[in-house]
Each structure stands twice: as structure tokens, then as C-alpha cells.
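Structure data follow from start_38.txt (compact mmCIF, C-alpha atoms):
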```txt
# COMPACT_ATOMS: atom_id res chain seq x y z
CA MET A 216 0.00 0.00 0.00
CA SER A 217 2.81 2.39 0.84
CA ASP A 218 4.50 1.59 -2.48
CA CYS A 219 1.42 2.90 -4.31
CA LEU A 220 2.02 6.32 -2.82
CA LYS A 221 5.82 6.48 -2.77
CA ASP A 222 6.02 8.51 -6.00
CA SER A 223 3.47 11.01 -4.70
CA SER A 224 4.13 13.91 -2.35
CA ILE A 225 1.26 12.58 -0.23
CA SER A 226 3.64 9.85 0.99
CA LYS A 227 5.17 12.50 3.26
CA LEU A 228 2.03 12.38 5.39
CA LEU A 229 2.12 8.64 6.08
CA PRO A 230 4.82 8.54 8.80
CA ALA A 231 2.81 11.01 10.92
CA ASN A 232 -0.44 9.11 10.32
CA LYS A 233 0.29 5.52 11.22
CA ASN A 234 -3.42 4.91 11.82
CA LEU A 235 -4.18 5.43 8.12
CA LEU A 236 -2.86 2.47 6.10
CA GLY A 237 -1.86 -0.95 7.36
CA SER A 238 -2.53 -0.28 11.03
CA GLY A 239 -6.06 -1.66 11.35
CA LYS A 240 -7.24 -5.23 11.63
CA MET A 241 -6.85 -5.69 7.85
CA LEU A 242 -9.51 -8.39 7.92
CA ARG A 243 -10.24 -8.23 4.20
CA SER A 244 -6.68 -8.62 2.98
CA ARG A 245 -6.01 -11.28 5.59
CA LEU A 246 -9.02 -13.20 4.28
CA THR A 247 -7.67 -12.98 0.71
CA LEU A 248 -4.26 -14.27 1.75
CA ALA A 249 -5.62 -17.07 3.94
CA LEU A 250 -7.96 -18.43 1.28
CA GLY A 251 -5.65 -17.78 -1.65
CA ASN A 252 -2.77 -19.67 -0.12
CA ALA A 253 -5.08 -22.64 0.44
CA ASN A 254 -6.20 -22.33 -3.19
CA SER A 255 -2.66 -22.02 -4.63
CA ILE A 256 -3.26 -18.58 -6.13
CA PRO A 257 -0.04 -16.73 -7.19
CA GLU A 258 1.33 -14.63 -4.34
CA GLU A 259 1.64 -11.40 -6.33
CA GLU A 260 -2.02 -11.52 -7.28
CA LEU A 261 -3.03 -12.06 -3.66
CA ILE A 262 -0.85 -9.23 -2.38
CA ASN A 263 -2.12 -6.76 -4.96
CA ALA A 264 -5.75 -7.77 -4.44
CA GLY A 265 -5.36 -7.59 -0.66
CA ALA A 266 -3.71 -4.17 -0.84
CA ALA A 267 -6.40 -2.94 -3.23
CA VAL A 268 -9.32 -3.94 -1.02
CA ASP A 269 -7.75 -2.50 2.13
CA MET A 270 -6.99 0.76 0.31
CA ILE A 271 -10.62 1.01 -0.80
CA HIS A 272 -11.65 0.31 2.79
CA GLY A 273 -9.20 2.95 4.02
CA ALA A 274 -10.67 5.48 1.60
CA SER A 275 -14.17 4.70 2.86
CA LEU A 276 -13.05 5.29 6.44
CA LEU A 277 -11.61 8.68 5.51
CA HIS A 278 -14.95 9.67 4.01
CA ASP A 279 -16.98 8.10 6.83
CA ASP A 280 -15.08 10.05 9.48
CA VAL A 281 -15.87 13.29 7.68
CA ILE A 282 -19.57 12.41 7.34
CA ASP A 283 -19.95 11.16 10.91
CA GLY A 284 -17.72 13.78 12.52
CA GLY A 285 -15.48 11.06 13.94
CA LEU A 286 -12.60 12.35 16.05
CA ILE A 287 -10.67 9.15 16.72
CA ARG A 288 -9.67 6.37 14.33
CA ARG A 289 -7.48 3.45 15.38
CA GLY A 290 -6.57 5.22 18.58
CA ALA A 291 -5.36 8.46 16.97
CA PRO A 292 -6.90 11.71 15.70
CA THR A 293 -8.80 11.26 12.45
CA PHE A 294 -7.22 12.53 9.24
CA TRP A 295 -9.79 15.28 8.68
CA LYS A 296 -9.18 16.74 12.14
CA LYS A 297 -5.50 17.16 11.27
CA TYR A 298 -5.69 18.22 7.62
CA GLY A 299 -9.22 19.43 7.00
CA ILE A 300 -12.28 18.09 5.21
CA ASN A 301 -11.29 19.03 1.66
CA GLY A 302 -7.92 17.31 1.74
CA THR A 303 -9.38 14.22 3.39
CA ILE A 304 -12.05 13.75 0.72
CA LEU A 305 -9.51 14.24 -2.06
CA PHE A 306 -7.06 11.82 -0.44
CA GLY A 307 -9.80 9.20 -0.14
CA ASP A 308 -10.64 9.63 -3.83
CA MET A 309 -6.99 9.22 -4.76
CA LEU A 310 -6.66 6.02 -2.73
CA MET A 311 -9.59 4.48 -4.59
CA PHE A 312 -8.01 4.95 -7.99
CA LYS A 313 -4.57 3.86 -6.78
CA ALA A 314 -6.25 0.68 -5.55
CA LEU A 315 -7.82 -0.06 -8.93
CA ALA A 316 -4.45 0.37 -10.63
CA LEU A 317 -3.02 -2.45 -8.51
CA LEU A 318 -5.22 -4.97 -10.28
CA THR A 319 -4.22 -3.86 -13.75
CA ALA A 320 -0.59 -4.34 -12.71
CA VAL A 321 -1.18 -8.10 -12.34
CA ASN A 322 -3.42 -8.34 -15.42
CA ARG A 323 -6.52 -9.28 -13.47
CA GLU A 324 -9.22 -7.46 -15.39
CA ASP A 325 -11.77 -9.85 -13.91
CA LEU A 326 -10.88 -8.69 -10.41
CA LEU A 327 -10.83 -5.08 -11.54
CA ARG A 328 -14.45 -5.45 -12.68
CA GLU A 329 -15.26 -7.24 -9.44
CA LEU A 330 -13.79 -4.48 -7.30
CA ILE A 331 -15.54 -1.76 -9.29
CA ASP A 332 -18.88 -3.55 -8.92
CA ARG A 333 -18.46 -4.26 -5.22
CA THR A 334 -17.24 -0.73 -4.44
CA GLY A 335 -20.24 0.61 -6.33
CA GLU A 336 -22.46 -1.43 -4.01
CA VAL A 337 -20.76 0.11 -0.99
CA CYS A 338 -21.43 3.62 -2.31
CA THR A 339 -25.04 2.81 -3.23
CA SER A 340 -25.72 1.38 0.22
CA GLU A 341 -24.15 4.38 1.94
CA VAL A 342 -26.29 6.72 -0.15
CA GLU A 343 -29.45 4.77 0.69
CA GLN A 344 -28.64 4.74 4.40
CA GLU A 345 -27.96 8.48 4.37
CA LEU A 346 -30.74 9.74 2.08
CA ILE A 347 -33.56 7.19 2.37
CA LEU A 348 -33.32 5.42 5.74
CA ARG A 349 -31.81 8.04 8.05
CA GLY A 350 -34.23 9.23 10.70
CA SER A 351 -36.29 6.05 10.55
CA PRO A 352 -35.84 2.94 12.74
CA GLY A 353 -36.40 0.81 9.63
CA THR A 354 -36.92 -2.93 9.50
CA TRP A 355 -34.49 -5.74 10.18
CA GLU A 356 -34.52 -6.61 6.49
CA GLU A 357 -33.43 -3.06 5.62
CA CYS A 358 -30.76 -3.11 8.30
CA GLU A 359 -29.40 -6.43 7.08
CA MET A 360 -29.40 -5.22 3.47
CA VAL A 361 -27.38 -2.18 4.48
CA GLY A 362 -24.87 -4.44 6.21
CA ARG A 363 -24.69 -6.81 3.25
CA TYR A 364 -23.69 -4.11 0.79
CA LYS A 365 -22.12 -1.41 2.98
CA THR A 366 -19.65 -3.85 4.55
CA GLY A 367 -20.26 -7.25 2.98
CA SER A 368 -19.35 -6.10 -0.52
CA LEU A 369 -15.65 -5.64 0.19
CA PHE A 370 -15.52 -8.94 2.08
CA ALA A 371 -17.15 -10.47 -1.00
CA PHE A 372 -14.39 -9.06 -3.18
CA ALA A 373 -11.71 -10.27 -0.76
CA ALA A 374 -13.11 -13.80 -0.97
CA VAL A 375 -13.50 -13.83 -4.77
CA ALA A 376 -9.90 -12.60 -5.13
CA ALA A 377 -8.77 -15.87 -3.58
CA GLY A 378 -10.73 -18.00 -6.04
CA ASP A 379 -9.64 -20.06 -9.03
CA ARG A 380 -11.68 -17.94 -11.50
CA SER A 381 -14.29 -20.66 -12.02
CA GLY A 382 -17.86 -19.38 -11.95
CA ASP A 383 -19.24 -21.77 -9.35
CA GLN A 384 -16.43 -21.16 -6.89
CA ALA A 385 -16.51 -17.39 -7.42
CA ASP A 386 -20.25 -17.30 -6.76
CA ALA A 387 -19.86 -19.34 -3.57
CA LEU A 388 -16.95 -17.22 -2.33
CA ARG A 389 -18.82 -14.01 -3.09
CA GLU A 390 -21.90 -15.10 -1.13
CA ALA A 391 -19.73 -16.31 1.75
CA GLY A 392 -18.07 -12.90 1.82
CA TYR A 393 -21.41 -11.09 1.82
CA LEU A 394 -22.58 -13.13 4.81
CA LEU A 395 -19.33 -12.61 6.69
CA GLY A 396 -19.39 -8.86 6.11
CA THR A 397 -23.04 -8.63 7.13
CA ALA A 398 -22.20 -10.30 10.44
CA TYR A 399 -19.32 -7.88 10.95
CA GLN A 400 -21.48 -4.80 10.26
CA LEU A 401 -24.27 -5.94 12.58
CA ALA A 402 -21.69 -6.46 15.33
CA ASP A 403 -20.25 -3.03 14.58
CA ASP A 404 -23.72 -1.55 15.08
CA VAL A 405 -23.73 -3.05 18.57
CA LEU A 406 -20.23 -1.70 19.24
CA ASP A 407 -21.21 1.83 18.18
CA ALA A 408 -24.16 1.84 20.55
CA SER A 409 -22.66 0.22 23.63
CA GLY A 410 -18.91 -0.09 23.21
CA ASN A 411 -15.93 1.56 24.88
CA GLU A 412 -14.04 4.16 22.82
CA HIS A 413 -10.77 3.43 24.59
CA VAL A 414 -11.04 -0.26 23.76
CA SER A 415 -12.36 0.18 20.21
CA GLY A 416 -9.96 2.98 19.29
CA LYS A 417 -12.57 4.99 17.39
CA THR A 418 -15.34 7.51 17.99
CA LEU A 419 -18.58 5.77 19.00
CA GLY A 420 -22.19 6.83 19.28
CA THR A 421 -22.35 8.50 15.88
CA ASP A 422 -25.03 6.15 14.52
CA ASP A 423 -27.57 7.27 17.12
CA LYS A 424 -26.66 10.95 16.81
CA ARG A 425 -27.16 10.84 13.05
CA GLY A 426 -30.35 8.77 13.12
CA LYS A 427 -28.99 5.78 11.23
CA THR A 428 -30.90 2.54 10.77
CA THR A 429 -28.86 -0.09 12.61
CA ALA A 430 -29.18 -3.42 14.39
CA ILE A 431 -29.76 -1.44 17.59
CA THR A 432 -32.53 0.87 16.34
CA VAL A 433 -34.51 -1.77 14.45
CA THR A 434 -37.35 -3.55 16.22
CA LYS A 435 -39.62 -4.61 13.36
CA ASN A 436 -38.90 -8.23 12.36
CA ALA A 437 -35.70 -8.27 14.41
CA PRO A 438 -34.54 -11.71 15.61
CA SER A 439 -35.23 -12.53 19.25
CA ASP A 440 -31.48 -12.87 19.88
CA PRO A 441 -29.49 -10.65 17.47
CA ILE A 442 -26.14 -11.89 18.76
CA ASP A 443 -27.03 -15.52 18.06
CA TYR A 444 -28.20 -14.42 14.63
CA ILE A 445 -24.87 -12.73 13.94
CA TYR A 446 -22.96 -15.92 14.73
CA SER A 447 -25.40 -17.94 12.61
CA LEU A 448 -24.33 -15.83 9.62
CA LEU A 449 -20.77 -17.05 10.14
CA ASP A 450 -21.96 -20.66 9.99
CA ALA A 451 -23.94 -19.88 6.85
CA SER A 452 -20.87 -18.33 5.24
CA ALA A 453 -18.81 -21.46 5.81
CA ALA A 454 -21.57 -23.68 4.46
CA GLN A 455 -21.27 -21.93 1.08
CA LEU A 456 -17.82 -23.49 0.58
CA ALA A 457 -18.49 -27.09 1.56
CA ALA A 458 -17.82 -28.29 -2.00
CA TRP A 459 -14.16 -27.18 -1.81
CA PRO A 460 -12.54 -28.84 1.23
CA GLU A 461 -9.27 -26.87 1.17
CA ILE A 462 -10.99 -23.51 0.97
CA HIS A 463 -13.66 -24.57 3.43
CA GLY A 464 -11.00 -25.54 5.94
CA ALA A 465 -9.17 -22.24 5.47
CA TRP A 466 -12.44 -20.37 5.92
CA ILE A 467 -13.25 -22.18 9.17
CA THR A 468 -9.75 -21.43 10.47
CA PHE A 469 -10.12 -17.76 9.55
CA LEU A 470 -13.45 -17.57 11.36
CA ASN A 471 -12.14 -19.24 14.52
CA VAL A 472 -8.73 -17.60 14.72
CA THR A 473 -9.40 -14.15 13.32
CA MET A 474 -13.07 -13.25 12.92
CA LYS A 475 -14.78 -14.62 16.01
CA PRO A 476 -12.35 -12.96 18.47
CA VAL A 477 -12.97 -9.61 16.73
CA LEU A 478 -16.74 -10.05 16.84
CA SER A 479 -16.55 -11.06 20.49
CA LYS A 480 -14.75 -7.81 21.32
CA HIS A 481 -17.35 -5.83 19.39
CA LEU A 482 -20.25 -7.52 21.10
CA ASN A 483 -18.76 -7.38 24.60
CA ALA A 484 -16.92 -4.07 24.55
CA GLY A 485 -19.13 -2.19 26.98
```
Please go through the file and, once you have read it, give me the structure as C-alpha cells.
Amino acid sequence: MSDCLKDSSISKLLPANKNLLGSGKMLRSRLTLALGNANSIPEEELINAGAAVDMIHGASLLHDDVIDGGLIRRGAPTFWKKYGINGTILFGDMLMFKALALLTAVNREDLLRELIDRTGEVCTSEVEQELILRGSPGTWEECEMVGRYKTGSLFAFAAVAAGDRSGDQADALREAGYLLGTAYQLADDVLDASGNEHVSGKTLGTDDKRGKTTAITVTKNAPSDPIDYIYSLLDASAAQLAAWPEIHGAWITFLNVTMKPVLSKHLNAG
């Protein structure tokens, strides 16, 4: 990720902003590497795809912090508080296009299309949450749909990037990623409402202040035990990959070693 910016003057800002790139949980790129290694995908393709998806995610966080008025990100002041709104939005835009270029460098036009499509879903979901659903408690179905595309889309890309390019496997990996990302977003809703800022390392409580439809605000058609439902989505994601034992095993390991501990912190961070 740093290499993408080394020829730009913006690289001068990275040493003073260690919370910007490569300092988060990097769940999406870690998923790509874990599955891709099990699937014998060339390392350069995995690295570029992983860097691309985490750069897109980083760009979305820059924009989100501006929109939500977030003051803390990964335990440090947010970028916009240090450099202003205009520069932050422009930097986020630049990161997105630098990310897309990474996939052309390894001649993966299929993944380039995938990332464009999935990033478009993220933007569409964010727009819907902001312009259509904000100010309304919404339904569980609407909340889950927001999670599927707002967060699940980039997990879907991360999973597809580890595939063998066959249609059936790509479809299964994509759906598994959507389910995984949905679970993560629902847990993040809980964290925002009841978590500890010191533990989470980011500004919390913005969802309620801005009237967002989340797993906390929704009552209509909500499951009796939302936390159990979140974990059931993880099981459903793994079930998508049962036809490919190596990938299925890598997915289960990723859930147990990486994802479940993160979700547990989100859901018990009060």
C-alpha cells in the first residue's frame, strides 16, 4: 500500500499518520491471503488484491469520518481533524483509484471489474442509508441489506480474489463474503451503541446521533437474539464453501482464529 504512494508527495504524510494504512485489523486482505494460499493462487495476485481492497476500505473510512464527525480512528486523531475536510475527501478519492491500478498491474481485469462492482455497491448502500433510511428505525430486512452491501461487498471481493476464476467457486466465495461482512457490520452496530471508545480505538455513538438505521434501532422483524443471529451468519458463510474442502478448511480457520475474536470484542466491549 505504501508503495502505491511512494512517487506522490502525499507519501510525506504517512509517517505522521500511522493509523491510516496498514494499522487496522486488515480483515479483508487477511481473508484474501488465507484463502488464496489454500487455493494455490499466485502470491503477487493475492498481495495486490489484498492491498487494493484494504486501500478502498481505508478510503471509505476517511470519508466516513468526515460524514460522521469522527474524532478518533485506530486510537489516533482522524485525518480530517488534522488536515481538513477538503484534503481528506480528495485523499480518499486518490486512494480508490490507486487501488484499482493495482489490479491492472497483475493483469486481473476480472478482479478489476469485481472491485468496481463491489465498491459501487458500498457507495449505493451508503447513499441509501444516508438519504432514504436516516431518521427512521427501519426494518431488520433493511438493516441487514445495508450491512450486506455497505460492509459485505468488500468482504465479498476479498473472498473472490482468492478463487480459481471458475464461476461456481466465485459465486460461492462471493456469497460467503457477503454473509461474513453482514455479520461484521451488525456487530459493529452493537459496538457503536454500547462499546468503549478506549477499547475500540474509534469515535462511537455517531449512529444514534445521526439517526442511522442499525441493528440497535430496528425492532420490526428483528430476531429474538441478534447476537445468536450474527454468529449464525458465520456458519452460513462457511456452508457456502463445503464443495471445496481446502478452501472450506481455510475459511473455518479464519473464522475461529481471526473473525470470532474480533466479533466477540465488538459484542462485549461495553
I'd like a table as CSV: residues in region 353-375 of chain A with an atom no more than 12 Å from region 261-268 of chain A, each row giving the shortest atom pair and its distance in Å to one decimal, only C-alpha atoms counted, sorted by chain and rising residue number.
```
residue,atom,partner,partner_atom,distance
A:Thr366,CA,A:Val268,CA,11.7
A:Ser368,CA,A:Val268,CA,10.3
A:Leu369,CA,A:Val268,CA,6.7
A:Phe370,CA,A:Val268,CA,8.5
A:Ala371,CA,A:Val268,CA,10.2
A:Phe372,CA,A:Val268,CA,7.5
A:Ala373,CA,A:Val268,CA,6.8
A:Ala374,CA,A:Gly265,CA,9.9
A:Val375,CA,A:Ala264,CA,9.8
```
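For the residues A:Ala231, A:Ala376, A:Cys358, A:Ala320, ranking by smallest atom-to-atom distance to Ser244 (chain A) using all atoms listed in the file places A:Ala376 first.
Minimum distance to Ala437 (chain A) across A:Glu345, A:Glu357, A:Asp222, A:Glu336 (counting only C-alpha atoms) occurs at A:Glu357.
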Show me the residues around (-25.6, -10.4, 5.7) - criterion: an atom at most 7 Å away, all atoms listed in the file counted - as an mmCIF file with C-alpha atoms, keeping the file's coordinate frame.
```cif
data_model
loop_
_atom_site.group_PDB
_atom_site.id
_atom_site.type_symbol
_atom_site.label_atom_id
_atom_site.label_comp_id
_atom_site.auth_asym_id
_atom_site.auth_seq_id
_atom_site.Cartn_x
_atom_site.Cartn_y
_atom_site.Cartn_z
ATOM 1 C CA GLU A 359 -29.400 -6.430 7.080
ATOM 2 C CA MET A 360 -29.400 -5.220 3.470
ATOM 3 C CA GLY A 362 -24.870 -4.440 6.210
ATOM 4 C CA ARG A 363 -24.690 -6.810 3.250
ATOM 5 C CA GLY A 367 -20.260 -7.250 2.980
ATOM 6 C CA TYR A 393 -21.410 -11.090 1.820
ATOM 7 C CA LEU A 394 -22.580 -13.130 4.810
ATOM 8 C CA LEU A 395 -19.330 -12.610 6.690
ATOM 9 C CA GLY A 396 -19.390 -8.860 6.110
ATOM 10 C CA THR A 397 -23.040 -8.630 7.130
ATOM 11 C CA ALA A 398 -22.200 -10.300 10.440
ATOM 12 C CA LEU A 448 -24.330 -15.830 9.620
#
```
Open item on the list: Around the point (-9.4, -20.9, 7.5) (coordinates from the file), which residues reach within 12 Å if we count all atoms listed in the file? Answer as an MDAnalysis selection string.
Closed with: chainID A and resid 245:254 374 452:453 456 460:475
Open item on the list: Here is a test: counting all atoms listed in the file, which residue of A:Leu276, A:Leu242, A:Val433, A:Ala377 is nearest to Lys365 (chain A)?
Closed with: A:Leu276
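Pairwise distance (CA of Glu260 (chain A), CA of Leu317 (chain A)) equals 9.2 Å.
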TODO: Provide the CA of Ile442 (chain A) to CA of Leu348 (chain A) distance in Å, to one decimal place.
DONE: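 CA of Ile442 (chain A) sits 22.8 Å away from CA of Leu348 (chain A).
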Task: Spatial neighbours of Met309 (chain A), max dist 12 Å, only C-alpha atoms, sep filter under 2 positions, as an MDAnalysis selection string - done: chainID A and resid 219:220 223 225 270:271 273:275 277:278 302:307 311:316
Open item on the list: With only C-alpha atoms as the counted atoms, please give the residues lying no more than 12 Å from Arg380 (chain A), apart from itself and same-chain residues fewer than 2 positions off, as a ChimeraX atom specification.
Closed with: /A:251,254,256,323-326,329,374-378,382-389
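Proximity of A:Leu478, A:Pro352, A:Ala458, A:Glu343 to Asn436 (chain A), computed with only C-alpha atoms, is greatest for A:Pro352.
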Task: Pick from A:Ser439, A:Ser255, A:Asn483, A:Thr429, whichever lies nearest to Thr354 (chain A) using only C-alpha atoms - done: A:Thr429
- [ ] Could you please determine the separation between CA of Lys297 (chain A) and CA of Asp218 (chain A) in Å, to one decimal place?
- [x]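 According to the coordinates, CA of Lys297 (chain A) and CA of Asp218 (chain A) are separated by 23.1 Å.
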Missing atoms in region 232-253 of chain A should be modelled up to N, CA and C atoms and reported as a PDB file, in the coordinates of the input.
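The resulting file, result-v9.pdb, is reproduced below:
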```
ATOM      1  N   ASN A 232       0.934   9.610  10.256  1.00  0.00           N
ATOM      2  CA  ASN A 232      -0.440   9.110  10.320  1.00  0.00           C
ATOM      3  C   ASN A 232      -0.446   7.589  10.234  1.00  0.00           C
ATOM      4  N   LYS A 233       0.139   6.974  11.227  1.00  0.00           N
ATOM      5  CA  LYS A 233       0.290   5.520  11.220  1.00  0.00           C
ATOM      6  C   LYS A 233      -1.037   4.794  11.374  1.00  0.00           C
ATOM      7  N   ASN A 234      -2.096   5.535  11.704  1.00  0.00           N
ATOM      8  CA  ASN A 234      -3.420   4.910  11.820  1.00  0.00           C
ATOM      9  C   ASN A 234      -4.163   4.896  10.491  1.00  0.00           C
ATOM     10  N   LEU A 235      -3.490   5.286   9.402  1.00  0.00           N
ATOM     11  CA  LEU A 235      -4.180   5.430   8.120  1.00  0.00           C
ATOM     12  C   LEU A 235      -4.165   4.152   7.297  1.00  0.00           C
ATOM     13  N   LEU A 236      -2.990   3.661   6.937  1.00  0.00           N
ATOM     14  CA  LEU A 236      -2.860   2.470   6.100  1.00  0.00           C
ATOM     15  C   LEU A 236      -2.058   1.387   6.813  1.00  0.00           C
ATOM     16  N   GLY A 237      -2.606   0.192   6.834  1.00  0.00           N
ATOM     17  CA  GLY A 237      -1.860  -0.950   7.360  1.00  0.00           C
ATOM     18  C   GLY A 237      -1.820  -1.065   8.863  1.00  0.00           C
ATOM     19  N   SER A 238      -2.590  -0.223   9.566  1.00  0.00           N
ATOM     20  CA  SER A 238      -2.530  -0.280  11.030  1.00  0.00           C
ATOM     21  C   SER A 238      -3.801  -0.856  11.649  1.00  0.00           C
ATOM     22  N   GLY A 239      -4.808  -1.111  10.836  1.00  0.00           N
ATOM     23  CA  GLY A 239      -6.060  -1.660  11.350  1.00  0.00           C
ATOM     24  C   GLY A 239      -6.014  -3.171  11.437  1.00  0.00           C
ATOM     25  N   LYS A 240      -7.184  -3.767  11.534  1.00  0.00           N
ATOM     26  CA  LYS A 240      -7.240  -5.230  11.630  1.00  0.00           C
ATOM     27  C   LYS A 240      -6.941  -5.896  10.301  1.00  0.00           C
ATOM     28  N   MET A 241      -7.140  -5.182   9.194  1.00  0.00           N
ATOM     29  CA  MET A 241      -6.850  -5.690   7.850  1.00  0.00           C
ATOM     30  C   MET A 241      -7.535  -7.030   7.591  1.00  0.00           C
ATOM     31  N   LEU A 242      -8.775  -7.132   8.020  1.00  0.00           N
ATOM     32  CA  LEU A 242      -9.510  -8.390   7.920  1.00  0.00           C
ATOM     33  C   LEU A 242      -9.707  -8.827   6.471  1.00  0.00           C
ATOM     34  N   ARG A 243      -9.942  -7.883   5.589  1.00  0.00           N
ATOM     35  CA  ARG A 243     -10.240  -8.230   4.200  1.00  0.00           C
ATOM     36  C   ARG A 243      -9.015  -8.784   3.486  1.00  0.00           C
ATOM     37  N   SER A 244      -7.888  -8.114   3.629  1.00  0.00           N
ATOM     38  CA  SER A 244      -6.680  -8.620   2.980  1.00  0.00           C
ATOM     39  C   SER A 244      -6.199  -9.920   3.629  1.00  0.00           C
ATOM     40  N   ARG A 245      -6.386 -10.033   4.917  1.00  0.00           N
ATOM     41  CA  ARG A 245      -6.010 -11.280   5.590  1.00  0.00           C
ATOM     42  C   ARG A 245      -6.871 -12.453   5.104  1.00  0.00           C
ATOM     43  N   LEU A 246      -8.140 -12.165   4.829  1.00  0.00           N
ATOM     44  CA  LEU A 246      -9.020 -13.200   4.280  1.00  0.00           C
ATOM     45  C   LEU A 246      -8.533 -13.626   2.900  1.00  0.00           C
ATOM     46  N   THR A 247      -8.181 -12.661   2.052  1.00  0.00           N
ATOM     47  CA  THR A 247      -7.670 -12.980   0.710  1.00  0.00           C
ATOM     48  C   THR A 247      -6.440 -13.853   0.787  1.00  0.00           C
ATOM     49  N   LEU A 248      -5.504 -13.502   1.642  1.00  0.00           N
ATOM     50  CA  LEU A 248      -4.260 -14.270   1.750  1.00  0.00           C
ATOM     51  C   LEU A 248      -4.507 -15.669   2.314  1.00  0.00           C
ATOM     52  N   ALA A 249      -5.359 -15.765   3.330  1.00  0.00           N
ATOM     53  CA  ALA A 249      -5.620 -17.070   3.940  1.00  0.00           C
ATOM     54  C   ALA A 249      -6.268 -18.038   2.963  1.00  0.00           C
ATOM     55  N   LEU A 250      -7.275 -17.555   2.235  1.00  0.00           N
ATOM     56  CA  LEU A 250      -7.960 -18.430   1.280  1.00  0.00           C
ATOM     57  C   LEU A 250      -7.113 -18.675   0.043  1.00  0.00           C
ATOM     58  N   GLY A 251      -6.445 -17.642  -0.437  1.00  0.00           N
ATOM     59  CA  GLY A 251      -5.650 -17.780  -1.650  1.00  0.00           C
ATOM     60  C   GLY A 251      -4.500 -18.734  -1.506  1.00  0.00           C
ATOM     61  N   ASN A 252      -3.861 -18.725  -0.355  1.00  0.00           N
ATOM     62  CA  ASN A 252      -2.770 -19.670  -0.120  1.00  0.00           C
ATOM     63  C   ASN A 252      -3.290 -21.102  -0.124  1.00  0.00           C
ATOM     64  N   ALA A 253      -4.474 -21.308   0.437  1.00  0.00           N
ATOM     65  CA  ALA A 253      -5.080 -22.640   0.440  1.00  0.00           C
ATOM     66  C   ALA A 253      -5.494 -23.057  -0.961  1.00  0.00           C
TER      67      ALA A 253
END
```
